[in-house]
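Written below as structure tokens is the structure these notes are about.
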Protein chains: 2
Amino acid sequence: MVKWFSRKSGRIEVPRLRSRAGDAPTEKVALAEFAPDILGFLGRAAYVQLMIFENLSRAITNAPTTAAKTAIGKAAELSLGKHRALVAEITKAGGSPAEVMDPYTDVFDEFERLARGADWYESLITAYLSAGFFDDFYARLAAGLPSESHNRLVAIFSGESGEKVLAEYLQAAIDANPRLDSRLAMWGRRLVGDMMLAARSALVFPDHTRSTEAQVEPVFTELIAAHTRRMDALGLTA
Amino acid sequence: MVKWFSRKSGRIEVPRLRSRAGDAPTEKVALAEFAPDILGFLGRAAYVQLMIFENLSRAITNAPTTAAKTAIGKAAELSLGKHRALVAEITKAGGSPAEVMDPYTDVFDEFERLARGADWYESLITAYLSAGFFDDFYARLAAGLPSESHNRLVAIFSGESGEKVLAEYLQAAIDANPRLDSRLAMWGRRLVGDMMLAARSALVFPDHTRSTEAQVEPVFTELIAAHTRRMDALGLTA
């Protein structure tokens with residue numbers, strides 16, 4: 001039985017990238033150089049939220065308890081809200097939402113297929129890890145966009161998320177089943193590679209030299225560090 | 001290709017049961033007599049919204065276009081919002097949400113299984129018809145509850161729903177595929193029986209005489225009339 005409020009919830013430290021990003025202007029600028037145009041950015045970011053929602057809705061359908069359905073429902077609602085806010089930004093920027101998202105659906109549908117997981121726990125940790133990873137990534141990338149929309153977009157990505165409640169359910173599941181941690185640790189390590197590939201596909205490299213790749217590297221190092229903190233919060237080795 | 005705004009959307013008349021219910025106080029009172037206690041009522045009503053959400057989320061995953069995913073996403077968000085509002089009412093009434101919902105999950109999970117449909121169109125019309133039917137039913141049943149919570153609950157059930165956008169997608173699909181209407185008409189006729197059974201299970205009959213059943217009959221006649229108007233709005237024979 002998964003409990004709504006885990007006794008250990010005080011232990012869970014959900015990483016907060018916003019303040020860190022503020023501490024590391026160098027990396028932010030490095031990634032901003034490779035930001036796609038505004039519509040290319042918004043199309044990807046809006047579709048990613050749909051993909052995270054689809055993962056969460058599967059976790060609701062397969063949830064072992066009614067309490068879990070209700071709790072994860074809140075996380076799903078937040079992802080749909082972010083999706084809708086980004087769709088509104090597409091319209092504001094003069095785009096037609098579906099047309100703007102369509103070029104990027106294949107890469108994220110493929111990620112979703114790879115990241116779906118074999119059972120409830122794997123799809124739950126996918127939602128927990130990927131929502132955090134992509135919110136961090138797009139918040140950083142937004143720094144390269146026109147400053148007029150910049151603040152609004154960062155506010156969307158750093159808005160309320162289901163991360164805390166998902167961490168609580170994962171923590172309770174790991175506590176109740178000692179063999180689950182090694183399986184989820186392995187799953188998280190696999191996932192980080194797939195997330196990096198999906199994220200990299202958003203970057204526009206003027207030339208594919210080693211030097212531009214090297215410029216982007218510190219940002220990915222930061223994203224992986226945040227991923228590691230999310231794994232650590234559950235006591236999993238990244 | 002399903003269009004976001006159907007040219008024919010002006011034609012769709014979504015039935016509005018609120019004003020009709022106001023015109024028919026006799027039937028309202030008849031149903032109110034058989035209302036379960038407040039927690040029994042809220043437990044069923046909250047879980048029904050989750051079931052409607054699960055149906056909608058399947059329709060999002062299987063949607064043929066990105067535009068449809070976004071549009072149905074709004075409907076799913078509204079169902080989750082209603083679920084959350086009803087869960088808050090359970091807490092307000094002194095209940096533990098999951099414990100209060102759990103006795104009723106079987107009957108609605110069984111309905112969901114029967115009503116899932118074989119393809120995208122069937123699950124979409126299930127969401128359209130069942131969201132309307134159950135919102136009407138619980139709004140009427142709420143009349144039998146303490147007046148303190150009555151108004152808040154009626155406001156939840158008669159709040160914004162995804163009915164209009166679902167009707168637009170169904171209409172566009174029917175227009176684009178002439179053979180779809182007879183299949184969806186048949187599906188709608190089958191569904192009404194399953195919805196009646198699931199709804200009836202919420203009523204508390206002091207004795208199972210024919211006279212109490214007869215007292216409830218006019219209300220179901222009204223609910224079927226509203227269902228027929230929803231079918232008519234799509235040009236389908238109920």
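Every chain in the structure tokens has a letter given in the order shown (A, B, ...), and although residue numbers restart at 1 in each chain, ligands are simply numbered from 1 in the order shown.
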
Open item on the list: Set the cut-off to 7 Å and count only C-alpha atoms: what are the residues of chain B that reach chain A? Output as a ChimeraX atom specification.
Closed with: /B:54,57,61,66-67,73,77,80,98,102

Go ahead and save the picked residues with N, CA, C and O atoms, as an mmCIF file, in the first residue's frame.
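Final file, part-v9.cif:
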data_model
loop_
_atom_site.group_PDB
_atom_site.id
_atom_site.type_symbol
_atom_site.label_atom_id
_atom_site.label_comp_id
_atom_site.auth_asym_id
_atom_site.auth_seq_id
_atom_site.Cartn_x
_atom_site.Cartn_y
_atom_site.Cartn_z
ATOM 1 N N GLU B 54 -9.837 8.922 -17.436
ATOM 2 C CA GLU B 54 -9.038 7.823 -18.008
ATOM 3 C C GLU B 54 -9.455 7.546 -19.450
ATOM 4 O O GLU B 54 -8.622 7.276 -20.316
ATOM 5 N N SER B 57 -7.965 10.350 -21.499
ATOM 6 C CA SER B 57 -6.509 10.268 -21.674
ATOM 7 C C SER B 57 -6.165 9.199 -22.712
ATOM 8 O O SER B 57 -5.205 9.352 -23.457
ATOM 9 N N THR B 61 -3.936 9.800 -26.151
ATOM 10 C CA THR B 61 -2.837 8.951 -26.627
ATOM 11 C C THR B 61 -3.102 8.444 -28.042
ATOM 12 O O THR B 61 -2.198 8.402 -28.872
ATOM 13 N N THR B 66 -2.069 16.062 -33.731
ATOM 14 C CA THR B 66 -1.576 16.839 -32.596
ATOM 15 C C THR B 66 -2.631 17.847 -32.142
ATOM 16 O O THR B 66 -2.785 18.094 -30.941
ATOM 17 N N ALA B 67 -3.382 18.414 -33.092
ATOM 18 C CA ALA B 67 -4.439 19.370 -32.729
ATOM 19 C C ALA B 67 -5.476 18.698 -31.838
ATOM 20 O O ALA B 67 -5.948 19.287 -30.858
ATOM 21 N N GLY B 73 -7.004 17.480 -24.517
ATOM 22 C CA GLY B 73 -6.277 17.765 -23.283
ATOM 23 C C GLY B 73 -7.047 18.717 -22.385
ATOM 24 O O GLY B 73 -7.086 18.544 -21.164
ATOM 25 N N GLU B 77 -8.297 17.951 -18.597
ATOM 26 C CA GLU B 77 -7.943 18.848 -17.496
ATOM 27 C C GLU B 77 -9.200 19.217 -16.693
ATOM 28 O O GLU B 77 -9.163 19.272 -15.451
ATOM 29 N N LEU B 80 -10.284 16.273 -14.507
ATOM 30 C CA LEU B 80 -9.399 16.162 -13.346
ATOM 31 C C LEU B 80 -9.715 17.248 -12.329
ATOM 32 O O LEU B 80 -9.665 17.005 -11.118
ATOM 33 N N ALA B 98 -9.607 8.279 -0.488
ATOM 34 C CA ALA B 98 -9.478 6.949 -1.095
ATOM 35 C C ALA B 98 -10.435 5.946 -0.441
ATOM 36 O O ALA B 98 -11.091 5.159 -1.116
ATOM 37 N N ASP B 102 -13.228 3.907 -2.559
ATOM 38 C CA ASP B 102 -12.921 2.503 -2.820
ATOM 39 C C ASP B 102 -14.119 1.556 -2.959
ATOM 40 O O ASP B 102 -14.088 0.664 -3.807
#

- [ ] For Ser201 (chain B), work out the shell of residues within 12 Å, counting only C-alpha atoms and skipping chain neighbours fewer than 3 positions away, then give it as an MDAnalysis selection string.
- [x] chainID B and resid 34:36 40:41 44 103:108 111 137 194:198 204:205

Output file for the residues above (N, CA and C atoms, as a compact mmCIF listing (two decimals), in the first residue's frame):
# COMPACT_ATOMS: atom_id res chain seq x y z
N PHE B 34 -34.01 9.13 -2.91
CA PHE B 34 -33.19 7.92 -2.96
C PHE B 34 -31.69 8.21 -2.97
N ALA B 35 -31.34 9.44 -2.65
CA ALA B 35 -29.92 9.80 -2.62
C ALA B 35 -29.22 9.05 -1.49
N PRO B 36 -28.01 8.57 -1.75
CA PRO B 36 -27.23 7.94 -0.67
C PRO B 36 -26.77 9.02 0.31
N GLY B 40 -21.28 8.59 0.55
CA GLY B 40 -21.58 7.61 -0.51
C GLY B 40 -21.78 8.31 -1.84
N PHE B 41 -22.41 9.46 -1.77
CA PHE B 41 -22.61 10.27 -2.97
C PHE B 41 -21.28 10.77 -3.53
N ARG B 44 -18.78 8.09 -5.07
CA ARG B 44 -19.13 7.68 -6.44
C ARG B 44 -18.85 8.80 -7.43
N PRO B 103 -15.20 1.71 -2.15
CA PRO B 103 -16.31 0.75 -2.30
C PRO B 103 -17.00 0.82 -3.66
N TYR B 104 -16.75 1.89 -4.42
CA TYR B 104 -17.49 2.08 -5.68
C TYR B 104 -16.62 1.91 -6.91
N THR B 105 -15.34 1.57 -6.71
CA THR B 105 -14.47 1.49 -7.88
C THR B 105 -14.87 0.33 -8.80
N ASP B 106 -15.29 -0.80 -8.23
CA ASP B 106 -15.59 -1.97 -9.07
C ASP B 106 -16.67 -1.69 -10.10
N VAL B 107 -17.78 -1.09 -9.63
CA VAL B 107 -18.89 -0.88 -10.56
C VAL B 107 -18.48 0.07 -11.69
N PHE B 108 -17.66 1.09 -11.39
CA PHE B 108 -17.29 2.04 -12.44
C PHE B 108 -16.12 1.53 -13.29
N PHE B 111 -17.87 -0.50 -15.75
CA PHE B 111 -18.47 0.36 -16.78
C PHE B 111 -17.40 0.84 -17.75
N PHE B 137 -26.89 13.40 -13.89
CA PHE B 137 -27.40 12.50 -12.86
C PHE B 137 -26.98 12.95 -11.46
N ASP B 194 -25.71 0.73 -20.29
CA ASP B 194 -24.62 0.59 -19.31
C ASP B 194 -24.57 1.78 -18.35
N MET B 195 -24.85 2.97 -18.87
CA MET B 195 -24.82 4.16 -18.00
C MET B 195 -25.96 4.11 -16.99
N MET B 196 -27.15 3.68 -17.44
CA MET B 196 -28.32 3.57 -16.54
C MET B 196 -28.02 2.60 -15.39
N LEU B 197 -27.42 1.47 -15.73
CA LEU B 197 -27.10 0.48 -14.69
C LEU B 197 -26.12 1.05 -13.67
N ALA B 198 -25.07 1.71 -14.17
CA ALA B 198 -24.07 2.28 -13.27
C ALA B 198 -24.70 3.38 -12.40
N VAL B 204 -30.46 4.42 -3.34
CA VAL B 204 -30.78 3.61 -2.16
C VAL B 204 -32.30 3.44 -2.11
N PHE B 205 -32.76 2.21 -2.36
CA PHE B 205 -34.21 1.96 -2.31
C PHE B 205 -34.56 1.37 -0.95

Task: Within 10 Å of Asp181 (chain B) using only C-alpha atoms, minus same-chain residues under 5 positions, as a VMD selection string - done: chain B and resid 170 to 171 173 to 175 186 to 187 234 to 237

TODO: Extract, using only C-alpha atoms, all DNA, RNA and protein residues at most 9 Å from Leu114 (chain B), discarding same-chain residues fewer than 4 positions from it, and format them as a PyMOL selection string.
DONE: chain B and resi 109-110+191+194

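Take CA of Ala127 (chain A) and CA of Glu222 (chain A): the distance between them is 19.7 Å.
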
TODO: Identify, on the basis of only C-alpha atoms, every residue whose closest approach to Ala75 (chain B) does not exceed 8 Å; exclude the query and any residue fewer than 6 positions from it along the same chain; express the result as a ChimeraX atom specification.
DONE: /B:56,161-163,165-166

Open item on the list: Please compute the CA of Ala176 (chain A)-CA of Gly117 (chain A) distance, one decimal, in Å.
Closed with: 19.8 Å

- [ ] In Å, rounded to a single decimal, give me how far CA of Val154 (chain B) is from CA of Ala139 (chain B).
- [x]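 Atom-to-atom, CA of Ala139 (chain B) to CA of Val154 (chain B), that is 5.2 Å.
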
TODO: Apply DSSP to the backbone of this structure and, from region 66-166 of chain A, keep only the residues in alpha helix (DSSP H); write these as a count of residues only.
DONE: 80
